[in-house]
Amino acid sequence: MVSDALGAMMMNGERGPAPRITLYTKTDCELCHTAKATLLALQPTLGFELDEIDITTDPALFDAFHVEIPVGYLDGRKLFKYRVDPIRLQRQLHRRGGWRIGRWFARV
């Protein structure tokens, strides 16, 4: 069963909270700058929040990601590594949106 608030959001065409992409980078990384620029260009159209985390500020993050940056995560799942594919990003965000909406309904 759909709550009144969620039902009202759906009827008004509103979505749940904006998807949040976490981008792990470091300052001296040209691929990181390119990935961030691509994400910033796509952000107004695709409507996601972007968090950038510099892996050099945390030894554990540096150990985990120093070989594979930039790397982006959506909802805790790896979304891309090295380069952003705009078509794949749009597809993943669309799937994520459908998954969230699908959770609002009980199975019949």
# chains A, B, ... in the order shown; residues from 1 in each chain; ligands from 1
>>> residues_around(residues="stretch 38-55 of chain A", least_positions_apart="4", cutoff="12 Å", atoms="only C-alpha atoms", output="PyMOL selection string")
chain A and resi 15-29+31-34+59-75+80+82-94+96-97
>>> select_by_dssp(residues="stretch 43-88 of chain A", states="strand (DSSP E)", output="list in words")
Glu49, Leu50, Asp51, Glu52, Ile53, Asp54, Val71, Gly72, Tyr73, Leu74, Arg77, Lys78, Leu79, Phe80 and Lys81 of chain A
>>> select_by_dssp(residues="stretch 44-103 of chain A", states="helix (DSSP H, G or I)", output="count of residues only")
30
>>> decode(residues="stretch 6-101 of chain A", atoms="C-alpha atoms", output="PDB file, in the first residue's frame")
ATOM      1  CA  LEU A   6       4.460   8.997  -1.382  1.00  0.00           C
ATOM      2  CA  GLY A   7       1.320   8.783  -3.467  1.00  0.00           C
ATOM      3  CA  ALA A   8       1.140  12.573  -3.619  1.00  0.00           C
ATOM      4  CA  MET A   9       4.796  12.729  -4.688  1.00  0.00           C
ATOM      5  CA  MET A  10       4.147  10.259  -7.497  1.00  0.00           C
ATOM      6  CA  MET A  11       1.017  12.068  -8.663  1.00  0.00           C
ATOM      7  CA  ASN A  12       2.898  15.374  -8.769  1.00  0.00           C
ATOM      8  CA  GLY A  13       5.668  13.741 -10.786  1.00  0.00           C
ATOM      9  CA  GLU A  14       8.159  14.168  -7.968  1.00  0.00           C
ATOM     10  CA  ARG A  15      10.853  11.619  -7.323  1.00  0.00           C
ATOM     11  CA  GLY A  16      12.470  10.508  -4.122  1.00  0.00           C
ATOM     12  CA  PRO A  17      15.793  11.925  -3.030  1.00  0.00           C
ATOM     13  CA  ALA A  18      18.265  12.644  -5.816  1.00  0.00           C
ATOM     14  CA  PRO A  19      20.742   9.877  -6.554  1.00  0.00           C
ATOM     15  CA  ARG A  20      24.164  10.486  -4.993  1.00  0.00           C
ATOM     16  CA  ILE A  21      27.340   9.672  -6.894  1.00  0.00           C
ATOM     17  CA  THR A  22      30.578   9.472  -4.928  1.00  0.00           C
ATOM     18  CA  LEU A  23      33.672  10.215  -7.004  1.00  0.00           C
ATOM     19  CA  TYR A  24      37.010   9.095  -5.565  1.00  0.00           C
ATOM     20  CA  THR A  25      39.852  11.211  -6.964  1.00  0.00           C
ATOM     21  CA  LYS A  26      43.190  12.819  -6.208  1.00  0.00           C
ATOM     22  CA  THR A  27      44.501  16.229  -7.191  1.00  0.00           C
ATOM     23  CA  ASP A  28      47.292  15.227  -9.604  1.00  0.00           C
ATOM     24  CA  CYS A  29      45.117  12.969 -11.767  1.00  0.00           C
ATOM     25  CA  GLU A  30      44.145  14.084 -15.262  1.00  0.00           C
ATOM     26  CA  LEU A  31      41.570  11.288 -15.663  1.00  0.00           C
ATOM     27  CA  CYS A  32      40.006  12.469 -12.389  1.00  0.00           C
ATOM     28  CA  HIS A  33      39.661  16.022 -13.689  1.00  0.00           C
ATOM     29  CA  THR A  34      38.088  14.730 -16.905  1.00  0.00           C
ATOM     30  CA  ALA A  35      35.636  12.473 -15.038  1.00  0.00           C
ATOM     31  CA  LYS A  36      34.619  15.305 -12.727  1.00  0.00           C
ATOM     32  CA  ALA A  37      34.107  17.696 -15.659  1.00  0.00           C
ATOM     33  CA  THR A  38      31.942  15.103 -17.423  1.00  0.00           C
ATOM     34  CA  LEU A  39      29.842  14.526 -14.303  1.00  0.00           C
ATOM     35  CA  LEU A  40      29.406  18.261 -13.706  1.00  0.00           C
ATOM     36  CA  ALA A  41      28.265  18.710 -17.307  1.00  0.00           C
ATOM     37  CA  LEU A  42      25.718  15.871 -16.955  1.00  0.00           C
ATOM     38  CA  GLN A  43      24.508  16.828 -13.479  1.00  0.00           C
ATOM     39  CA  PRO A  44      21.854  19.423 -14.488  1.00  0.00           C
ATOM     40  CA  THR A  45      20.290  17.045 -17.008  1.00  0.00           C
ATOM     41  CA  LEU A  46      20.440  13.829 -14.992  1.00  0.00           C
ATOM     42  CA  GLY A  47      19.705  15.350 -11.574  1.00  0.00           C
ATOM     43  CA  PHE A  48      22.169  13.642  -9.263  1.00  0.00           C
ATOM     44  CA  GLU A  49      24.188  14.853  -6.285  1.00  0.00           C
ATOM     45  CA  LEU A  50      27.974  14.610  -6.558  1.00  0.00           C
ATOM     46  CA  ASP A  51      30.374  14.031  -3.680  1.00  0.00           C
ATOM     47  CA  GLU A  52      34.077  14.198  -4.475  1.00  0.00           C
ATOM     48  CA  ILE A  53      36.492  12.499  -2.090  1.00  0.00           C
ATOM     49  CA  ASP A  54      40.253  12.990  -2.327  1.00  0.00           C
ATOM     50  CA  ILE A  55      41.813   9.609  -1.557  1.00  0.00           C
ATOM     51  CA  THR A  56      45.072  11.223  -0.393  1.00  0.00           C
ATOM     52  CA  THR A  57      43.327  12.467   2.749  1.00  0.00           C
ATOM     53  CA  ASP A  58      42.788   8.957   4.125  1.00  0.00           C
ATOM     54  CA  PRO A  59      45.407   6.169   4.052  1.00  0.00           C
ATOM     55  CA  ALA A  60      42.733   3.456   3.880  1.00  0.00           C
ATOM     56  CA  LEU A  61      41.101   5.089   0.841  1.00  0.00           C
ATOM     57  CA  PHE A  62      44.491   5.560  -0.790  1.00  0.00           C
ATOM     58  CA  ASP A  63      45.315   1.877  -0.308  1.00  0.00           C
ATOM     59  CA  ALA A  64      41.932   0.852  -1.693  1.00  0.00           C
ATOM     60  CA  PHE A  65      41.782   3.135  -4.739  1.00  0.00           C
ATOM     61  CA  HIS A  66      45.244   4.442  -5.673  1.00  0.00           C
ATOM     62  CA  VAL A  67      45.498   2.135  -8.694  1.00  0.00           C
ATOM     63  CA  GLU A  68      41.964   2.595 -10.032  1.00  0.00           C
ATOM     64  CA  ILE A  69      41.044   6.252  -9.867  1.00  0.00           C
ATOM     65  CA  PRO A  70      38.886   7.937 -10.760  1.00  0.00           C
ATOM     66  CA  VAL A  71      36.193   5.595  -9.599  1.00  0.00           C
ATOM     67  CA  GLY A  72      32.537   6.429  -9.053  1.00  0.00           C
ATOM     68  CA  TYR A  73      29.964   4.767  -6.837  1.00  0.00           C
ATOM     69  CA  LEU A  74      26.182   4.988  -6.860  1.00  0.00           C
ATOM     70  CA  ASP A  75      24.356   3.759  -3.770  1.00  0.00           C
ATOM     71  CA  GLY A  76      27.481   1.927  -2.613  1.00  0.00           C
ATOM     72  CA  ARG A  77      27.956   0.062  -5.904  1.00  0.00           C
ATOM     73  CA  LYS A  78      30.745   0.717  -8.367  1.00  0.00           C
ATOM     74  CA  LEU A  79      29.398   2.723 -11.275  1.00  0.00           C
ATOM     75  CA  PHE A  80      32.537   3.385 -13.324  1.00  0.00           C
ATOM     76  CA  LYS A  81      36.306   3.290 -13.271  1.00  0.00           C
ATOM     77  CA  TYR A  82      38.671   5.619 -15.174  1.00  0.00           C
ATOM     78  CA  ARG A  83      36.099   7.131 -17.546  1.00  0.00           C
ATOM     79  CA  VAL A  84      32.451   8.185 -17.373  1.00  0.00           C
ATOM     80  CA  ASP A  85      30.221   6.771 -20.098  1.00  0.00           C
ATOM     81  CA  PRO A  86      27.284   9.242 -20.285  1.00  0.00           C
ATOM     82  CA  ILE A  87      24.911   6.685 -21.828  1.00  0.00           C
ATOM     83  CA  ARG A  88      25.682   4.037 -19.211  1.00  0.00           C
ATOM     84  CA  LEU A  89      25.411   6.638 -16.436  1.00  0.00           C
ATOM     85  CA  GLN A  90      21.982   7.707 -17.662  1.00  0.00           C
ATOM     86  CA  ARG A  91      20.872   4.056 -17.862  1.00  0.00           C
ATOM     87  CA  GLN A  92      22.100   3.300 -14.336  1.00  0.00           C
ATOM     88  CA  LEU A  93      20.402   6.388 -12.889  1.00  0.00           C
ATOM     89  CA  HIS A  94      17.174   5.469 -14.671  1.00  0.00           C
ATOM     90  CA  ARG A  95      17.344   1.931 -13.274  1.00  0.00           C
ATOM     91  CA  ARG A  96      18.047   3.279  -9.810  1.00  0.00           C
ATOM     92  CA  GLY A  97      15.008   5.564 -10.066  1.00  0.00           C
ATOM     93  CA  GLY A  98      12.758   2.694 -11.164  1.00  0.00           C
ATOM     94  CA  TRP A  99      14.024   0.523  -8.334  1.00  0.00           C
ATOM     95  CA  ARG A 100      13.190   3.213  -5.799  1.00  0.00           C
ATOM     96  CA  ILE A 101       9.712   3.754  -7.200  1.00  0.00           C
TER      97      ILE A 101
END
